[in-house]
$ cat work.cif   # mmCIF, C-alpha atoms
data_model
loop_
_atom_site.label_atom_id
_atom_site.label_comp_id
_atom_site.auth_asym_id
_atom_site.auth_seq_id
_atom_site.Cartn_x
_atom_site.Cartn_y
_atom_site.Cartn_z
CA MET A 1 89.64 43.64 92.39
CA ARG A 2 91.85 46.71 92.34
CA GLN A 3 89.20 48.73 90.52
CA LEU A 4 86.65 47.72 93.10
CA PHE A 5 88.97 48.90 95.88
CA ILE A 6 89.54 52.26 94.17
CA ALA A 7 85.81 52.68 93.56
CA ALA A 8 85.08 51.92 97.20
CA LEU A 9 87.77 54.37 98.31
CA VAL A 10 86.43 57.16 96.07
CA ALA A 11 82.87 56.48 97.21
CA GLY A 12 83.98 56.63 100.83
CA LEU A 13 85.79 59.93 100.33
CA LEU A 14 82.98 61.52 98.35
CA SER A 15 80.42 60.63 100.95
CA SER A 16 82.32 62.71 103.50
CA CYS A 17 82.41 65.91 101.40
CA PHE A 18 79.97 68.64 102.25
CA ILE A 19 79.04 72.23 101.50
CA SER A 20 76.65 74.53 103.29
CA ARG A 21 75.40 78.06 102.89
CA GLU A 22 74.03 80.32 105.58
CA ARG A 23 72.33 83.62 104.88
CA SER A 24 71.34 86.32 107.31
CA ASN A 25 68.77 89.00 106.49
CA GLU A 26 67.65 90.05 103.03
CA PRO A 27 70.02 91.15 100.23
CA LEU A 28 70.48 94.91 100.03
CA GLN A 29 69.16 96.58 96.90
CA LYS A 30 71.54 99.23 95.65
CA SER A 31 68.81 101.01 93.69
CA ARG A 32 66.85 101.61 96.89
CA ILE A 33 69.92 102.91 98.70
CA ASP A 34 70.75 105.18 95.78
CA SER A 35 67.22 106.59 95.86
CA LEU A 36 67.94 108.17 99.25
CA ALA A 37 69.06 111.78 99.14
CA ILE A 38 71.73 113.04 101.50
CA GLY A 39 70.62 116.23 103.21
CA THR A 40 66.97 115.62 102.34
CA SER A 41 65.80 112.13 103.24
CA THR A 42 64.60 111.68 106.77
CA ALA A 43 64.84 108.66 109.02
CA THR A 44 61.16 107.99 108.43
CA GLU A 45 61.67 107.92 104.66
CA VAL A 46 64.69 105.66 105.06
CA ALA A 47 62.63 103.24 107.15
CA GLN A 48 59.88 103.28 104.53
CA THR A 49 62.39 102.59 101.76
CA LEU A 50 64.70 100.05 103.39
CA GLY A 51 62.61 98.72 106.23
CA ALA A 52 63.74 98.27 109.80
CA PRO A 53 67.49 98.51 110.35
CA THR A 54 69.51 95.67 111.86
CA GLU A 55 71.11 98.01 114.38
CA VAL A 56 70.74 101.58 115.59
CA VAL A 57 73.70 103.31 117.22
CA GLN A 58 73.31 106.51 119.19
CA LEU A 59 76.07 109.07 118.52
CA GLY A 60 75.38 111.81 121.01
CA LYS A 61 72.28 113.53 119.60
CA ARG A 62 72.87 111.90 116.24
CA SER A 63 72.39 108.30 115.19
CA ALA A 64 73.58 105.72 112.70
CA TRP A 65 71.59 102.85 111.23
CA ARG A 66 73.04 99.62 109.93
CA TYR A 67 71.54 97.39 107.25
CA ASP A 68 73.31 94.18 106.34
CA PHE A 69 73.01 90.94 104.48
CA THR A 70 75.58 88.26 105.29
CA THR A 71 76.43 85.09 103.42
CA THR A 72 78.62 82.31 104.83
CA LYS A 73 79.73 79.47 102.59
CA THR A 74 81.34 76.49 104.29
CA SER A 75 82.93 73.56 102.51
CA GLY A 76 85.10 70.67 103.55
CA PHE A 77 85.64 66.97 103.75
CA THR A 78 86.44 64.34 106.32
CA ILE A 79 88.79 61.38 106.08
CA ILE A 80 88.00 59.03 108.97
CA ILE A 81 88.89 61.32 111.91
CA ILE A 82 90.51 64.30 110.13
CA SER A 83 88.43 67.12 108.67
CA PHE A 84 89.35 70.08 106.50
CA LEU A 85 86.96 73.02 106.63
CA ASN A 86 86.78 76.41 104.98
CA ALA A 87 84.30 79.09 105.97
CA ASP A 88 84.01 82.28 103.93
CA ARG A 89 81.78 85.03 105.31
CA ARG A 90 81.19 88.35 103.61
CA SER A 91 78.38 90.83 103.68
CA ASP A 92 76.53 93.63 102.06
CA ARG A 93 76.55 96.50 104.53
CA CYS A 94 75.08 99.96 104.56
CA TRP A 95 75.55 102.50 107.33
CA LEU A 96 73.38 105.62 107.29
CA PHE A 97 74.23 108.55 109.52
CA PHE A 98 71.55 111.00 110.66
CA ASP A 99 71.93 114.42 112.26
CA GLU A 100 70.09 115.79 115.28
CA SER A 101 67.01 116.42 113.13
CA SER A 102 66.99 112.83 111.82
CA VAL A 103 68.04 114.00 108.35
CA LEU A 104 70.36 111.72 106.39
CA ARG A 105 73.90 113.14 106.32
CA HIS A 106 76.28 110.33 105.31
CA VAL A 107 75.97 106.94 103.63
CA GLY A 108 78.58 104.20 103.40
CA THR A 109 77.87 101.09 101.35
CA THR A 110 79.84 97.90 100.76
CA LEU A 111 78.43 95.07 98.64
CA ASP A 112 80.70 92.05 99.09
CA ALA A 113 78.25 89.21 99.74
CA ASP A 114 78.48 88.00 96.14
CA ASP A 115 82.24 87.52 96.58
CA THR A 116 81.72 84.66 99.03
CA ARG A 117 83.19 81.42 97.68
CA TYR A 118 83.19 77.71 98.34
CA ALA A 119 86.82 76.63 98.63
CA MET A 120 89.20 74.24 100.30
CA PRO A 121 91.44 75.62 103.05
CA TRP A 122 94.50 75.66 100.79
CA GLN A 123 92.81 77.51 97.94
CA ASP A 124 93.30 81.24 97.49
CA VAL A 125 89.93 83.01 97.45
CA ASP A 126 90.87 86.66 97.93
CA MET B 127 96.93 35.96 116.96
CA SER B 128 97.18 38.33 114.03
CA ARG B 129 93.44 37.99 113.51
CA VAL B 130 92.80 38.98 117.13
CA ALA B 131 95.13 41.97 116.79
CA ALA B 132 93.36 43.02 113.61
CA ILE B 133 89.97 42.82 115.28
CA LEU B 134 91.22 44.77 118.29
CA GLY B 135 92.78 47.41 116.04
CA ALA B 136 89.61 47.78 114.04
CA SER B 137 87.58 48.08 117.23
CA CYS B 138 89.89 50.77 118.60
CA ALA B 139 89.78 52.70 115.31
CA ALA B 140 86.01 52.53 115.24
CA SER B 141 85.81 53.72 118.84
CA LEU B 142 88.27 56.54 118.29
CA ALA B 143 86.44 57.72 115.21
CA SER B 144 83.35 58.32 117.25
CA CYS B 145 85.18 60.04 120.12
CA ILE B 146 87.98 62.12 118.73
CA GLN B 147 88.15 64.40 115.70
CA PHE B 148 90.97 66.50 114.27
CA SER B 149 90.23 69.34 111.91
CA TYR B 150 91.92 72.17 110.11
CA HIS B 151 89.58 75.14 109.98
CA ARG B 152 90.23 78.20 107.83
CA GLU B 153 88.06 81.21 108.39
CA ILE B 154 87.67 84.21 106.09
CA ILE B 155 85.63 87.13 107.32
CA GLU B 156 85.14 90.30 105.29
CA ASN B 157 87.85 92.25 103.50
CA GLN B 158 90.35 94.47 105.24
CA PRO B 159 90.97 97.79 103.44
CA ALA B 160 94.41 98.34 102.01
CA ALA B 161 96.73 100.14 104.40
CA ARG B 162 97.66 102.62 101.70
CA GLU B 163 94.05 103.74 101.43
CA VAL B 164 93.86 104.38 105.16
CA ASP B 165 97.31 105.98 105.29
CA ALA B 166 96.15 108.48 102.67
CA PHE B 167 93.74 109.88 105.23
CA ALA B 168 96.58 110.88 107.55
CA VAL B 169 96.88 114.15 105.65
CA GLY B 170 94.04 116.62 105.30
CA ARG B 171 91.58 115.52 107.99
CA PRO B 172 88.87 114.24 105.62
CA SER B 173 85.20 114.30 106.52
CA LEU B 174 83.16 111.25 107.45
CA SER B 175 81.53 111.30 103.99
CA GLU B 176 84.92 111.29 102.25
CA VAL B 177 86.05 108.31 104.31
CA LEU B 178 82.84 106.40 103.62
CA ASN B 179 83.13 107.11 99.89
CA VAL B 180 86.62 105.59 99.77
CA LEU B 181 86.40 102.72 102.25
CA GLY B 182 82.71 101.87 102.01
CA ALA B 183 80.61 100.75 104.94
CA PRO B 184 82.52 100.09 108.16
CA ILE B 185 82.05 96.84 110.00
CA ASP B 186 81.22 98.70 113.18
CA VAL B 187 80.20 102.19 114.32
CA PHE B 188 80.13 103.34 117.90
CA GLU B 189 80.09 106.47 119.99
CA GLY B 190 83.50 107.92 120.80
CA ALA B 191 84.33 110.79 123.10
CA ASP B 192 81.81 113.66 123.15
CA GLY B 193 79.39 111.60 121.09
CA ALA B 194 81.56 111.79 117.99
CA PRO B 195 81.46 108.81 115.64
CA ALA B 196 84.14 106.14 115.58
CA VAL B 197 84.22 103.59 112.77
CA THR B 198 86.18 100.39 112.29
CA TYR B 199 87.28 98.48 109.21
CA GLY B 200 88.87 95.07 109.28
CA GLY B 201 88.86 91.49 108.22
CA LEU B 202 89.99 88.12 109.45
CA ARG B 203 92.11 85.46 107.76
CA SER B 204 92.81 82.64 110.17
CA GLY B 205 93.71 79.00 110.01
CA ALA B 206 93.93 76.68 112.97
CA TRP B 207 94.19 73.03 113.84
CA LEU B 208 91.50 71.94 116.27
CA TRP B 209 90.80 68.73 118.04
CA ASN B 210 87.65 67.63 119.71
CA PHE B 211 87.15 64.79 122.15
CA SER B 212 83.70 63.57 123.01
CA LEU B 213 82.94 60.69 125.36
CA PRO B 214 79.41 59.30 125.39
CA LEU B 215 78.20 58.89 128.96
CA SER B 216 74.71 57.68 128.30
CA ASP B 217 72.23 57.45 125.49
CA TYR B 218 71.55 61.18 125.54
CA THR B 219 74.53 62.99 127.06
CA SER B 220 78.23 63.24 126.41
CA ALA B 221 81.21 65.01 127.93
CA SER B 222 83.22 66.98 125.41
CA PHE B 223 86.27 69.19 125.39
CA SER B 224 87.84 71.11 122.56
CA TYR B 225 91.08 72.99 122.25
CA THR B 226 92.28 75.52 119.69
CA ASP B 227 96.01 76.01 119.30
CA THR B 228 95.64 79.48 117.85
CA SER B 229 93.14 82.15 118.71
CA ALA B 230 91.76 84.11 115.79
CA ARG B 231 91.15 87.78 116.33
CA THR B 232 90.26 90.46 113.87
CA ARG B 233 92.78 93.10 112.95
CA GLY B 234 91.98 96.35 111.23
CA PHE B 235 91.74 100.09 111.53
CA ILE B 236 89.78 102.42 113.76
CA LEU B 237 89.03 105.95 112.63
CA ILE B 238 87.97 108.44 115.26
CA PHE B 239 86.18 111.63 114.23
CA ASP B 240 85.75 114.88 116.11
CA THR B 241 82.43 116.53 116.84
CA ASN B 242 82.57 118.26 113.43
CA GLU B 243 82.90 114.81 111.85
CA ARG B 244 86.45 115.44 110.69
CA LEU B 245 88.93 112.59 111.02
CA ALA B 246 91.02 113.05 114.14
CA ILE B 247 92.75 109.74 114.89
CA VAL B 248 93.66 106.66 112.88
CA ARG B 249 94.97 103.56 114.64
CA GLU B 250 95.70 100.02 113.51
CA GLY B 251 95.52 96.92 115.66
CA LEU B 252 93.17 94.37 117.12
CA LEU B 253 89.68 95.81 116.78
CA GLY B 254 88.49 94.50 120.11
CA ASP B 255 91.31 96.27 121.94
CA LEU B 256 90.90 99.47 119.94
CA ARG B 257 87.18 99.62 120.57
CA GLU B 258 87.76 99.10 124.27
CA GLU B 259 90.25 101.96 124.26
CA PHE B 260 88.17 104.51 122.36
CA MET B 261 84.58 103.68 123.21
CA ARG B 262 82.83 106.32 125.26
CA ARG B 263 82.39 105.27 128.84
CA PRO B 264 78.93 105.74 130.35
CA PRO B 265 78.89 108.31 133.14
CA ALA B 266 79.46 106.86 136.58
CA SER B 267 76.26 106.35 138.50
CA VAL B 268 75.95 108.25 141.75
CA ASP B 269 73.87 105.38 143.03
CA GLY B 270 76.69 103.03 142.24
CA ASP B 271 79.11 104.81 144.57
CA VAL B 272 77.39 103.47 147.65
CA PRO B 273 76.03 99.97 147.28
CA GLY B 274 72.41 99.87 148.28
CA ALA B 275 72.10 103.66 148.54
CA VAL B 276 68.72 105.24 147.81
CA PRO B 277 68.65 108.45 145.74
CA GLY B 278 68.06 111.55 147.85
CA THR B 279 69.27 110.02 151.07
CA ALA B 280 72.61 110.05 152.81
CA GLU B 281 74.01 108.84 156.05
CA GLY B 282 73.80 112.37 157.48
CA ASP B 283 70.08 112.55 156.62
CA GLN B 284 69.14 109.99 159.15
CA PRO B 285 66.65 111.36 161.70
#
$ encode --input "work.cif" --output "structure tokens"
Amino acid sequence: MRQLFIAALVAGLLSSCFISRERSNEPLQKSRIDSLAIGTSTATEVAQTLGAPTEVVQLGKRSAWRYDFTTTKTSGFTIIIISFLNADRRSDRCWLFFDESSVLRHVGTTLDADDTRYAMPWQDVD
Amino acid sequence: MSRVAAILGASCAASLASCIQFSYHREIIENQPAAREVDAFAVGRPSLSEVLNVLGAPIDVFEGADGAPAVTYGGLRSGAWLWNFSLPLSDYTSASFSYTDTSARTRGFILIFDTNERLAIVREGLLGDLREEFMRRPPASVDGDVPGAVPGTAEGDQP
């Protein structure tokens, strides 16, 4: 009888656990970014290599383009009316800065999307 | 009597479970750069390229004064208890209300460059406030000075 109760309790708790993953845009390919040459590549060549940017920012006569890929992993569980949730969101980002002639001048890249983790709220994921 | 109380209690619990929810929600967004890395830029006025090489891609770029670039780095680590109450009013609608006891806002650094793309200002704080402080304001519209005014006309131009 006791085993049946424990089994029912475990089954009830397990049924309320969940995980989900949300992805935005396509993963950035470092090899393609590295193929761009600062001081030589033009905005047209960048668009041909990386595709359309997610965002374009005007900086006076200059501009900056953003490419990103974001992953969000959410996990948690619910016990009757109390839920515990953890959402971890990190991204691959690349900002490309162009001068007045639309020539690539600066590139900043961060590839953190793979560091996203499923975890419970009390777990250390840094 | 105890059976009636048990049935009533079970009914209340079942009703509450469908109306009210408590949750603890932890949110992790991006990684904030180490303060020591940013503090190292205080000396020497590095270029935009040097900053990008050390800190990577910023989370935001916008136009500062004179069209110079401003970049922000930051991350969020927040945890908050939330509760949500939802009362079904009909088969298809419900009234709901939620309350958060802490508001999560992203802290980080803003780095302002001059027109030669050399670092000029470094500030730490809430990124929303910093962006509001340093973002270039669009020029005031002449048309906006007089509501309903038509360009090229003035009160003195009336025939």
$ residues_around --input "work.cif" --residues "Asp34 of chain A" --least-positions-apart "4" --cutoff "12 Å" --atoms "all atoms listed in the file" --output "tab-separated table (two decimals) with C-alpha atoms, in the frame of the given file"
chain	number	residue	atom	x	y	z
A	28	LEU	CA	70.48	94.91	100.03
A	29	GLN	CA	69.16	96.58	96.90
A	30	LYS	CA	71.54	99.23	95.65
A	38	ILE	CA	71.73	113.04	101.50
A	41	SER	CA	65.80	112.13	103.24
A	46	VAL	CA	64.69	105.66	105.06
A	49	THR	CA	62.39	102.59	101.76
A	50	LEU	CA	64.70	100.05	103.39
A	94	CYS	CA	75.08	99.96	104.56
A	96	LEU	CA	73.38	105.62	107.29
A	107	VAL	CA	75.97	106.94	103.63
A	108	GLY	CA	78.58	104.20	103.40
A	109	THR	CA	77.87	101.09	101.35
$ interface_residues --input "work.cif" --of "chain A" --to "chain B" --cutoff "8 Å" --atoms "only C-alpha atoms" --output "ChimeraX atom specification"
/A:57-61,64,80-91,93-95,106-110,112,121
$ atom_distance --input "work.cif" --atom1 "atom CA of Thr232 of chain B" --atom2 "atom CA of Asp165 of chain B"
19.1 Å
$ atom_distance --input "work.cif" --atom1 "atom CA of Thr44 of chain A" --atom2 "atom CA of Ser101 of chain A"
11.3 Å
$ atom_distance --input "work.cif" --atom1 "atom CA of Ala11 of chain A" --atom2 "atom CA of Gly76 of chain A"
15.7 Å
$ resolve_selection --input "work.cif" --expression "the PyMOL selection byres ((chain A and resi 70) around 8)" --output "list in words"
Arg23, Ser24, Asn25, Asp68, Phe69, Thr71, Thr72, Arg89, Arg90, Ser91, Asp92 and Ala113 of chain A
$ closest_residue --input "work.cif" --among "A:Gln3, A:Ser16, A:Thr116, A:Thr42" --to "Thr74 of chain A" --atoms "only C-alpha atoms"
A:Thr116
$ residues_around --input "work.cif" --residues "Ala52 of chain A" --least-positions-apart "4" --cutoff "10 Å" --atoms "only C-alpha atoms" --output "PyMOL selection string"
chain A and resi 46-48+56+65-67
$ residues_around --input "work.cif" --residues "Arg249 of chain B" --least-positions-apart "2" --cutoff "8 Å" --atoms "only C-alpha atoms" --output "PyMOL selection string"
chain B and resi 235-237+247+251+256
$ write_last_selection --input "work.cif" --atoms "C-alpha atoms" --output "compact mmCIF listing (two decimals), in the frame of the given file"
# COMPACT_ATOMS: atom_id res chain seq x y z
CA PHE B 235 91.74 100.09 111.53
CA ILE B 236 89.78 102.42 113.76
CA LEU B 237 89.03 105.95 112.63
CA ILE B 247 92.75 109.74 114.89
CA GLY B 251 95.52 96.92 115.66
CA LEU B 256 90.90 99.47 119.94
